[in-house]
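K.L.:
Provided below: work20.tsv, containing TSV, N, CA and C atoms.
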```
chain	number	residue	atom	x	y	z
A	30	MET	N	-14.72	20.15	6.84
A	30	MET	CA	-15.22	18.95	7.46
A	30	MET	C	-14.14	17.86	7.39
A	31	PHE	N	-14.11	17.04	8.43
A	31	PHE	CA	-13.18	15.92	8.43
A	31	PHE	C	-13.79	14.77	9.23
A	32	LEU	N	-13.22	13.60	9.05
A	32	LEU	CA	-13.75	12.39	9.65
A	32	LEU	C	-12.89	11.97	10.83
A	33	ILE	N	-13.53	11.74	11.98
A	33	ILE	CA	-12.82	11.26	13.17
A	33	ILE	C	-13.48	9.96	13.63
A	34	THR	N	-12.77	9.21	14.42
A	34	THR	CA	-13.33	8.03	15.08
A	34	THR	C	-13.42	8.33	16.56
A	35	CYS	N	-14.61	8.26	17.11
A	35	CYS	CA	-14.82	8.53	18.53
A	35	CYS	C	-14.28	7.34	19.33
A	36	PRO	N	-13.35	7.57	20.26
A	36	PRO	CA	-12.81	6.47	21.05
A	36	PRO	C	-13.81	5.92	22.07
A	37	VAL	N	-14.87	6.64	22.36
A	37	VAL	CA	-15.87	6.19	23.32
A	37	VAL	C	-16.89	5.27	22.65
A	38	THR	N	-17.47	5.75	21.55
A	38	THR	CA	-18.52	4.98	20.87
A	38	THR	C	-17.99	4.11	19.74
A	39	ARG	N	-16.73	4.31	19.34
A	39	ARG	CA	-16.10	3.58	18.24
A	39	ARG	C	-16.83	3.76	16.91
A	40	THR	N	-17.43	4.92	16.72
A	40	THR	CA	-18.11	5.23	15.48
A	40	THR	C	-17.35	6.32	14.74
A	41	ASP	N	-17.48	6.32	13.42
A	41	ASP	CA	-16.89	7.38	12.60
A	41	ASP	C	-17.86	8.54	12.55
A	42	GLU	N	-17.35	9.72	12.79
A	42	GLU	CA	-18.18	10.92	12.83
A	42	GLU	C	-17.63	11.97	11.88
A	43	LEU	N	-18.51	12.60	11.15
A	43	LEU	CA	-18.14	13.71	10.29
A	43	LEU	C	-18.23	14.99	11.13
A	44	VAL	N	-17.13	15.72	11.22
A	44	VAL	CA	-17.03	16.86	12.12
A	44	VAL	C	-16.70	18.12	11.33
A	45	SER	N	-17.38	19.21	11.64
A	45	SER	CA	-17.07	20.48	10.99
A	45	SER	C	-15.90	21.15	11.71
A	46	ASP	N	-15.26	22.06	11.02
A	46	ASP	CA	-14.09	22.73	11.58
A	46	ASP	C	-14.44	23.63	12.76
A	47	ARG	N	-15.68	24.00	12.93
A	47	ARG	CA	-16.05	24.83	14.09
A	47	ARG	C	-16.02	24.05	15.40
A	48	ARG	N	-15.92	22.71	15.33
A	48	ARG	CA	-15.82	21.87	16.53
A	48	ARG	C	-14.39	21.76	17.05
A	49	ILE	N	-13.42	22.29	16.33
A	49	ILE	CA	-12.03	22.28	16.79
A	49	ILE	C	-11.90	23.29	17.92
A	50	ARG	N	-11.46	22.84	19.08
A	50	ARG	CA	-11.34	23.71	20.24
A	50	ARG	C	-9.96	24.35	20.34
A	51	SER	N	-8.92	23.60	20.01
A	51	SER	CA	-7.56	24.18	20.01
A	51	SER	C	-6.64	23.28	19.21
A	52	VAL	N	-5.52	23.87	18.79
A	52	VAL	CA	-4.49	23.15	18.05
A	52	VAL	C	-3.16	23.50	18.70
A	53	ASP	N	-2.39	22.46	19.06
A	53	ASP	CA	-1.09	22.66	19.68
A	53	ASP	C	-0.01	22.14	18.76
A	54	ASN	N	1.00	22.96	18.53
A	54	ASN	CA	2.11	22.56	17.68
A	54	ASN	C	3.26	22.11	18.58
A	55	HIS	N	3.61	20.83	18.52
A	55	HIS	CA	4.71	20.26	19.29
A	55	HIS	C	5.86	19.94	18.34
A	56	PRO	N	7.07	19.73	18.85
A	56	PRO	CA	8.20	19.41	17.97
A	56	PRO	C	8.01	18.12	17.18
A	57	THR	N	7.28	17.15	17.73
A	57	THR	CA	7.12	15.86	17.06
A	57	THR	C	5.76	15.67	16.40
A	58	HIS	N	4.78	16.48	16.72
A	58	HIS	CA	3.45	16.29	16.18
A	58	HIS	C	2.60	17.54	16.36
A	59	ILE	N	1.42	17.49	15.77
A	59	ILE	CA	0.41	18.53	15.97
A	59	ILE	C	-0.75	17.86	16.69
A	60	ALA	N	-1.21	18.44	17.77
A	60	ALA	CA	-2.33	17.90	18.53
A	60	ALA	C	-3.55	18.79	18.31
A	61	MET	N	-4.63	18.17	17.87
A	61	MET	CA	-5.86	18.91	17.61
A	61	MET	C	-6.92	18.41	18.59
A	62	HIS	N	-7.51	19.33	19.34
A	62	HIS	CA	-8.54	19.00	20.33
A	62	HIS	C	-9.89	19.29	19.70
A	63	VAL	N	-10.71	18.23	19.57
A	63	VAL	CA	-11.96	18.32	18.84
A	63	VAL	C	-13.12	17.91	19.74
A	64	GLU	N	-14.20	18.70	19.72
A	64	GLU	CA	-15.41	18.33	20.44
A	64	GLU	C	-16.18	17.30	19.61
A	65	CYS	N	-16.41	16.15	20.18
A	65	CYS	CA	-17.02	15.03	19.47
A	65	CYS	C	-18.54	15.19	19.42
A	66	PRO	N	-19.15	15.08	18.23
A	66	PRO	CA	-20.60	15.18	18.14
A	66	PRO	C	-21.32	13.93	18.68
A	67	ALA	N	-20.63	12.81	18.78
A	67	ALA	CA	-21.26	11.56	19.23
A	67	ALA	C	-21.42	11.53	20.76
A	68	CYS	N	-20.35	11.87	21.49
A	68	CYS	CA	-20.41	11.75	22.95
A	68	CYS	C	-20.31	13.10	23.67
A	69	GLY	N	-19.93	14.15	22.98
A	69	GLY	CA	-19.85	15.47	23.58
A	69	GLY	C	-18.53	15.78	24.26
A	70	ALA	N	-17.65	14.79	24.37
A	70	ALA	CA	-16.35	15.01	25.01
A	70	ALA	C	-15.37	15.64	24.03
A	71	VAL	N	-14.26	16.15	24.56
A	71	VAL	CA	-13.20	16.71	23.73
A	71	VAL	C	-12.11	15.65	23.62
A	72	HIS	N	-11.82	15.22	22.40
A	72	HIS	CA	-10.80	14.22	22.14
A	72	HIS	C	-9.58	14.88	21.50
A	73	THR	N	-8.42	14.31	21.73
A	73	THR	CA	-7.18	14.81	21.15
A	73	THR	C	-6.74	13.88	20.04
A	74	TYR	N	-6.49	14.45	18.88
A	74	TYR	CA	-6.00	13.69	17.73
A	74	TYR	C	-4.63	14.25	17.38
A	75	ARG	N	-3.67	13.34	17.26
A	75	ARG	CA	-2.29	13.75	16.97
A	75	ARG	C	-1.93	13.30	15.56
A	76	THR	N	-1.15	14.11	14.88
A	76	THR	CA	-0.74	13.78	13.54
A	76	THR	C	0.68	14.27	13.32
A	77	GLY	N	1.34	13.67	12.37
A	77	GLY	CA	2.68	14.10	12.02
A	77	GLY	C	3.62	12.93	11.81
A	78	ARG	N	4.50	13.09	10.87
A	78	ARG	CA	5.45	12.03	10.52
A	78	ARG	C	6.38	11.73	11.69
A	79	ARG	N	6.85	12.74	12.39
A	79	ARG	CA	7.75	12.51	13.53
A	79	ARG	C	7.04	11.78	14.66
A	80	TRP	N	5.75	12.10	14.90
A	80	TRP	CA	4.98	11.42	15.94
A	80	TRP	C	4.86	9.94	15.61
A	81	GLU	N	4.52	9.61	14.37
A	81	GLU	CA	4.37	8.22	13.97
A	81	GLU	C	5.70	7.48	14.07
A	82	HIS	N	6.79	8.15	13.69
A	82	HIS	CA	8.10	7.52	13.78
A	82	HIS	C	8.49	7.27	15.25
A	83	ALA	N	8.25	8.24	16.11
A	83	ALA	CA	8.57	8.09	17.53
A	83	ALA	C	7.72	6.99	18.16
A	84	GLU	N	6.47	6.90	17.76
A	84	GLU	CA	5.57	5.88	18.30
A	84	GLU	C	6.03	4.49	17.87
A	85	ARG	N	6.45	4.34	16.62
A	85	ARG	CA	6.93	3.05	16.12
A	85	ARG	C	8.24	2.64	16.78
A	86	SER	N	9.12	3.60	17.02
A	86	SER	CA	10.43	3.27	17.58
A	86	SER	C	10.34	2.92	19.07
A	87	THR	N	9.32	3.37	19.79
A	87	THR	CA	9.20	3.05	21.21
A	87	THR	C	8.39	1.78	21.44
A	88	ALA	N	7.63	1.34	20.47
A	88	ALA	CA	6.78	0.16	20.64
A	88	ALA	C	7.60	-1.10	20.96
A	89	PRO	N	8.72	-1.40	20.25
A	89	PRO	CA	9.49	-2.59	20.61
A	89	PRO	C	10.09	-2.51	22.02
A	90	GLN	N	10.46	-1.32	22.46
A	90	GLN	CA	11.01	-1.17	23.81
A	90	GLN	C	9.94	-1.44	24.84
A	91	ALA	N	8.73	-1.03	24.58
A	91	ALA	CA	7.64	-1.26	25.53
A	91	ALA	C	7.35	-2.76	25.67
A	92	LYS	N	7.44	-3.50	24.56
A	92	LYS	CA	7.21	-4.93	24.60
A	92	LYS	C	8.29	-5.63	25.45
A	93	GLU	N	9.53	-5.15	25.35
A	93	GLU	CA	10.62	-5.73	26.13
A	93	GLU	C	10.40	-5.49	27.63
A	94	LEU	N	9.88	-4.33	28.00
A	94	LEU	CA	9.64	-4.03	29.41
A	94	LEU	C	8.52	-4.91	29.96
A	95	VAL	N	7.51	-5.17	29.16
A	95	VAL	CA	6.40	-6.00	29.61
A	95	VAL	C	6.85	-7.44	29.79
A	96	ALA	N	7.73	-7.92	28.91
A	96	ALA	CA	8.21	-9.30	28.98
A	96	ALA	C	9.13	-9.53	30.16
A	97	ALA	N	9.79	-8.48	30.64
A	97	ALA	CA	10.76	-8.63	31.74
A	97	ALA	C	10.12	-8.79	33.08
```
Would you mind writing the file out in structure tokens?
P.N.:
Amino acid sequence: MFLITCPVTRTDELVSDRRIRSVDNHPTHIAMHVECPACGAVHTYRTGRRWEHAERSTAPQAKELVAA
């Protein structure tokens, strides 16, 4: 069991491992596709140190593009 936050209802949901539909291993992160018990949709949750680092390093660049 693990805890997810549903992006649709914004509620925390306790989810069993049988709700995991697929897991994709990428070079920068692991993507887990989970069927949400709150809304019934399949949400993607990404995890990994490289994913977080890449996300942090691109955030300042995105702000510069918006300001231009």
K.L.:
Would you mind reading off the distance between atom CA of Val37 of chain A and atom CA of Pro56 of chain A, one decimal, in Å?
P.N.:
28.0 Å
K.L.:
Which one of A:Ala60, A:Asn54, A:Leu32, A:Arg39 sits closest to Arg75 of chain A if you count only N, CA and C atoms?
P.N.:
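Using only N, CA and C atoms, Arg75 of chain A sits closest to A:Ala60.
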K.L.:
If we count only C-alpha atoms and set the cut-off at 9 Å, which residues sit around Met61 of chain A, ignoring sequence neighbours fewer than 2 positions away in its own chain? Please answer as a ChimeraX atom specification.
P.N.:
/A:49-54,59,63,72-76
K.L.:
What is the atom C of His55 of chain A to atom C of Val71 of chain A distance in Å?
P.N.:
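Atom C of Val71 of chain A lies at a distance of 19.2 Å from atom C of His55 of chain A.
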K.L.:
Only all heavy atoms, as an mmCIF file, in the first residue's frame: that is what I want for segment 48-60 of chain A.
P.N.:
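Saved file result_5.cif follows:
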```
data_model
loop_
_atom_site.group_PDB
_atom_site.id
_atom_site.type_symbol
_atom_site.label_atom_id
_atom_site.label_comp_id
_atom_site.auth_asym_id
_atom_site.auth_seq_id
_atom_site.Cartn_x
_atom_site.Cartn_y
_atom_site.Cartn_z
ATOM 1 N N ARG A 48 -3.421 -1.844 -7.837
ATOM 2 C CA ARG A 48 -3.913 -0.742 -8.675
ATOM 3 C C ARG A 48 -2.837 -0.204 -9.619
ATOM 4 O O ARG A 48 -3.122 0.640 -10.449
ATOM 5 C CB ARG A 48 -4.414 0.403 -7.795
ATOM 6 C CG ARG A 48 -5.589 0.033 -6.932
ATOM 7 C CD ARG A 48 -6.807 0.603 -7.496
ATOM 8 N NE ARG A 48 -7.946 0.374 -6.603
ATOM 9 C CZ ARG A 48 -9.146 0.727 -6.896
ATOM 10 N NH1 ARG A 48 -9.370 1.352 -8.024
ATOM 11 N NH2 ARG A 48 -10.135 0.484 -6.080
ATOM 12 N N ILE A 49 -1.604 -0.671 -9.489
ATOM 13 C CA ILE A 49 -0.529 -0.251 -10.392
ATOM 14 C C ILE A 49 -0.767 -0.906 -11.745
ATOM 15 O O ILE A 49 -0.859 -2.128 -11.852
ATOM 16 C CB ILE A 49 0.853 -0.650 -9.850
ATOM 17 C CG1 ILE A 49 1.116 0.037 -8.522
ATOM 18 C CG2 ILE A 49 1.946 -0.290 -10.861
ATOM 19 C CD1 ILE A 49 2.369 -0.450 -7.825
ATOM 20 N N ARG A 50 -0.880 -0.110 -12.786
ATOM 21 C CA ARG A 50 -1.157 -0.633 -14.122
ATOM 22 C C ARG A 50 0.124 -0.915 -14.897
ATOM 23 O O ARG A 50 0.206 -1.871 -15.651
ATOM 24 C CB ARG A 50 -2.042 0.337 -14.905
ATOM 25 C CG ARG A 50 -3.410 0.485 -14.314
ATOM 26 C CD ARG A 50 -4.116 -0.873 -14.331
ATOM 27 N NE ARG A 50 -5.287 -0.866 -13.493
ATOM 28 C CZ ARG A 50 -5.521 -1.739 -12.532
ATOM 29 N NH1 ARG A 50 -4.662 -2.682 -12.282
ATOM 30 N NH2 ARG A 50 -6.610 -1.672 -11.803
ATOM 31 N N SER A 51 1.130 -0.060 -14.754
ATOM 32 C CA SER A 51 2.416 -0.311 -15.415
ATOM 33 C C SER A 51 3.492 0.545 -14.765
ATOM 34 O O SER A 51 3.204 1.539 -14.108
ATOM 35 C CB SER A 51 2.342 -0.003 -16.912
ATOM 36 O OG SER A 51 2.118 1.373 -17.112
ATOM 37 N N VAL A 52 4.733 0.134 -14.973
ATOM 38 C CA VAL A 52 5.897 0.863 -14.475
ATOM 39 C C VAL A 52 6.876 0.972 -15.631
ATOM 40 O O VAL A 52 7.206 -0.030 -16.272
ATOM 41 C CB VAL A 52 6.548 0.137 -13.280
ATOM 42 C CG1 VAL A 52 7.798 0.862 -12.831
ATOM 43 C CG2 VAL A 52 5.562 0.012 -12.127
ATOM 44 N N ASP A 53 7.314 2.205 -15.912
ATOM 45 C CA ASP A 53 8.271 2.446 -16.992
ATOM 46 C C ASP A 53 9.569 2.953 -16.406
ATOM 47 O O ASP A 53 9.573 3.901 -15.613
ATOM 48 C CB ASP A 53 7.732 3.499 -17.976
ATOM 49 C CG ASP A 53 6.442 3.053 -18.645
ATOM 50 O OD1 ASP A 53 6.300 1.843 -18.869
ATOM 51 O OD2 ASP A 53 5.607 3.917 -18.934
ATOM 52 N N ASN A 54 10.664 2.346 -16.806
ATOM 53 C CA ASN A 54 11.977 2.760 -16.342
ATOM 54 C C ASN A 54 12.602 3.650 -17.406
ATOM 55 O O ASN A 54 12.877 3.198 -18.519
ATOM 56 C CB ASN A 54 12.844 1.527 -16.069
ATOM 57 C CG ASN A 54 14.132 1.876 -15.386
ATOM 58 O OD1 ASN A 54 14.324 2.991 -14.948
ATOM 59 N ND2 ASN A 54 15.014 0.898 -15.290
ATOM 60 N N HIS A 55 12.816 4.920 -17.092
ATOM 61 C CA HIS A 55 13.434 5.880 -17.995
ATOM 62 C C HIS A 55 14.835 6.213 -17.473
ATOM 63 O O HIS A 55 15.134 5.958 -16.305
ATOM 64 C CB HIS A 55 12.594 7.161 -18.060
ATOM 65 C CG HIS A 55 11.228 6.933 -18.626
ATOM 66 N ND1 HIS A 55 10.962 6.919 -19.969
ATOM 67 C CD2 HIS A 55 10.032 6.704 -18.010
ATOM 68 C CE1 HIS A 55 9.676 6.702 -20.174
ATOM 69 N NE2 HIS A 55 9.084 6.563 -18.989
ATOM 70 N N PRO A 56 15.706 6.792 -18.296
ATOM 71 C CA PRO A 56 17.051 7.133 -17.824
ATOM 72 C C PRO A 56 17.059 8.129 -16.662
ATOM 73 O O PRO A 56 17.942 8.095 -15.818
ATOM 74 C CB PRO A 56 17.724 7.753 -19.044
ATOM 75 C CG PRO A 56 16.958 7.251 -20.207
ATOM 76 C CD PRO A 56 15.561 7.028 -19.723
ATOM 77 N N THR A 57 16.072 9.017 -16.599
ATOM 78 C CA THR A 57 16.060 10.044 -15.554
ATOM 79 C C THR A 57 15.076 9.772 -14.430
ATOM 80 O O THR A 57 15.141 10.422 -13.388
ATOM 81 C CB THR A 57 15.697 11.415 -16.157
ATOM 82 O OG1 THR A 57 14.441 11.304 -16.825
ATOM 83 C CG2 THR A 57 16.762 11.882 -17.111
ATOM 84 N N HIS A 58 14.143 8.873 -14.609
ATOM 85 C CA HIS A 58 13.130 8.636 -13.591
ATOM 86 C C HIS A 58 12.416 7.314 -13.827
ATOM 87 O O HIS A 58 12.604 6.672 -14.848
ATOM 88 C CB HIS A 58 12.107 9.782 -13.581
ATOM 89 C CG HIS A 58 11.323 9.885 -14.859
ATOM 90 N ND1 HIS A 58 11.820 10.488 -15.990
ATOM 91 C CD2 HIS A 58 10.077 9.452 -15.184
ATOM 92 C CE1 HIS A 58 10.918 10.430 -16.951
ATOM 93 N NE2 HIS A 58 9.842 9.805 -16.487
ATOM 94 N N ILE A 59 11.585 6.961 -12.873
ATOM 95 C CA ILE A 59 10.695 5.808 -12.999
ATOM 96 C C ILE A 59 9.275 6.360 -13.011
ATOM 97 O O ILE A 59 8.911 7.166 -12.153
ATOM 98 C CB ILE A 59 10.881 4.823 -11.846
ATOM 99 C CG1 ILE A 59 12.277 4.208 -11.912
ATOM 100 C CG2 ILE A 59 9.815 3.733 -11.881
ATOM 101 C CD1 ILE A 59 12.631 3.359 -10.722
ATOM 102 N N ALA A 60 8.484 5.967 -13.980
ATOM 103 C CA ALA A 60 7.101 6.417 -14.081
ATOM 104 C C ALA A 60 6.181 5.256 -13.717
ATOM 105 O O ALA A 60 6.281 4.175 -14.287
ATOM 106 C CB ALA A 60 6.796 6.905 -15.491
#
```
